[in-house]
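Have a look at the structure below, then the notes.
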Amino acid sequence: MNMIVSLRSLMLAAAIALLTGCAASVPLASNEQDAASKKFGAPSTNMAGVYIYRENSHFGKALTKTLSIDGVAIGETGPGVYFHKEVAPGEHTVATQAEFGENSLKFIAEAGKNYFFQQYMKWGTFKGSAGIQAVTEEAGKQGVLQCKEAK
């Protein structure tokens, strides 16, 4: 019985270390590019802007998760990181790598508008997983302002 309790304690400690351990690092854009994106200007002509951010949380700090738009990887996130991309008007899918496959969200982009999404970490069966949700423009801007832009 004590051996089972010890094994469970060891597994719990390992899971906590994995999910709260050292911060994952991803390549960052220049300070100039980051500052320009944080002006939240109108997208290029006949395009829509997409911001996807991940808050700087201790939960899942050691994990990176791949983001994609319409099935094309745009990069990996770590805590306190965001991506800014442009898409053509129409239906699109933003997705994040999860524990088993991906979690995705469809949206319809209109030219001239910016859209904001938050990637968030969550518990998984064997390791941390991730989800994605649309957020309001106000919440999205506040979230992005707390992060650094990824390359």
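We name chains A, B, ... following the order of the structure tokens; residues begin at 1 in each chain, and ligands are numbered from 1 as shown.
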Requested in this report: Assign secondary structure with DSSP using the backbone only, and return the residues of range 34-104 of chain A in helix (DSSP H, G or I) as a ChimeraX atom specification.
Outcome: /A:34-37
Query raised in the report: Do you know which residues are at most 9 Å from Ala150 in chain A counting only C-alpha atoms, after dropping those on the same chain fewer than 4 positions away, and could you put them as number ranges by chain?
Result: A: 26-30, 34, 75-77, 81-84
Query raised in the report: From the set A:Ala111, A:Glu149, A:Phe117, A:Ala42, which residue has the shortest atom-to-atom contact distance to Glu137 in chain A, counting only C-alpha atoms?
Result: A:Phe117
Report task. Pick out the residues sitting within 6 Å of range 131-134 of chain A, and hand them over as a list in words; count only C-alpha atoms, and ignore anything fewer than 5 positions along from it in its own chain. Result -> Asn103, Phe117, Gln118, Gln119 and Tyr120 of chain A
Query raised in the report: So which residues touch Ala98 in chain A within 8 Å, counting only C-alpha atoms, skipping near sequence neighbours fewer than 2 positions away, as a list in words?
Result: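 Near neighbours after the sequence-gap exclusion: Lys65, Thr96, Phe100, Gly101, Glu102, Asn103, Gly128, Ser129, Ala130 and Gly131 of chain A.
If you measure from each of A:Asn114, A:Gln97, A:Thr64, A:Thr136 to Met47 in chain A using only C-alpha atoms, the closest one turns out to be A:Asn114.
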**Report entry** Two-atom distance - CA of Leu145 in chain A, CA of Glu32 in chain A (Å)
**Finding:**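 Between CA of Leu145 in chain A and CA of Glu32 in chain A the gap is 14.0 Å.
For the pair CA of Gly80 in chain A and CA of Thr45 in chain A, the separation is 29.2 Å.
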Report task. Quick one: everything within 9 Å of Ile74 in chain A, counting only C-alpha atoms, minus sequence neighbours fewer than 5 positions away in the same chain. Send it as an MDAnalysis selection string. Result -> chainID A and resid 66:69 83 85 151
Query raised in the report: What separation in Å, quoted to one decimal, exists between CA of Gly41 in chain A and CA of Ala73 in chain A?
Result: 23.9 Å
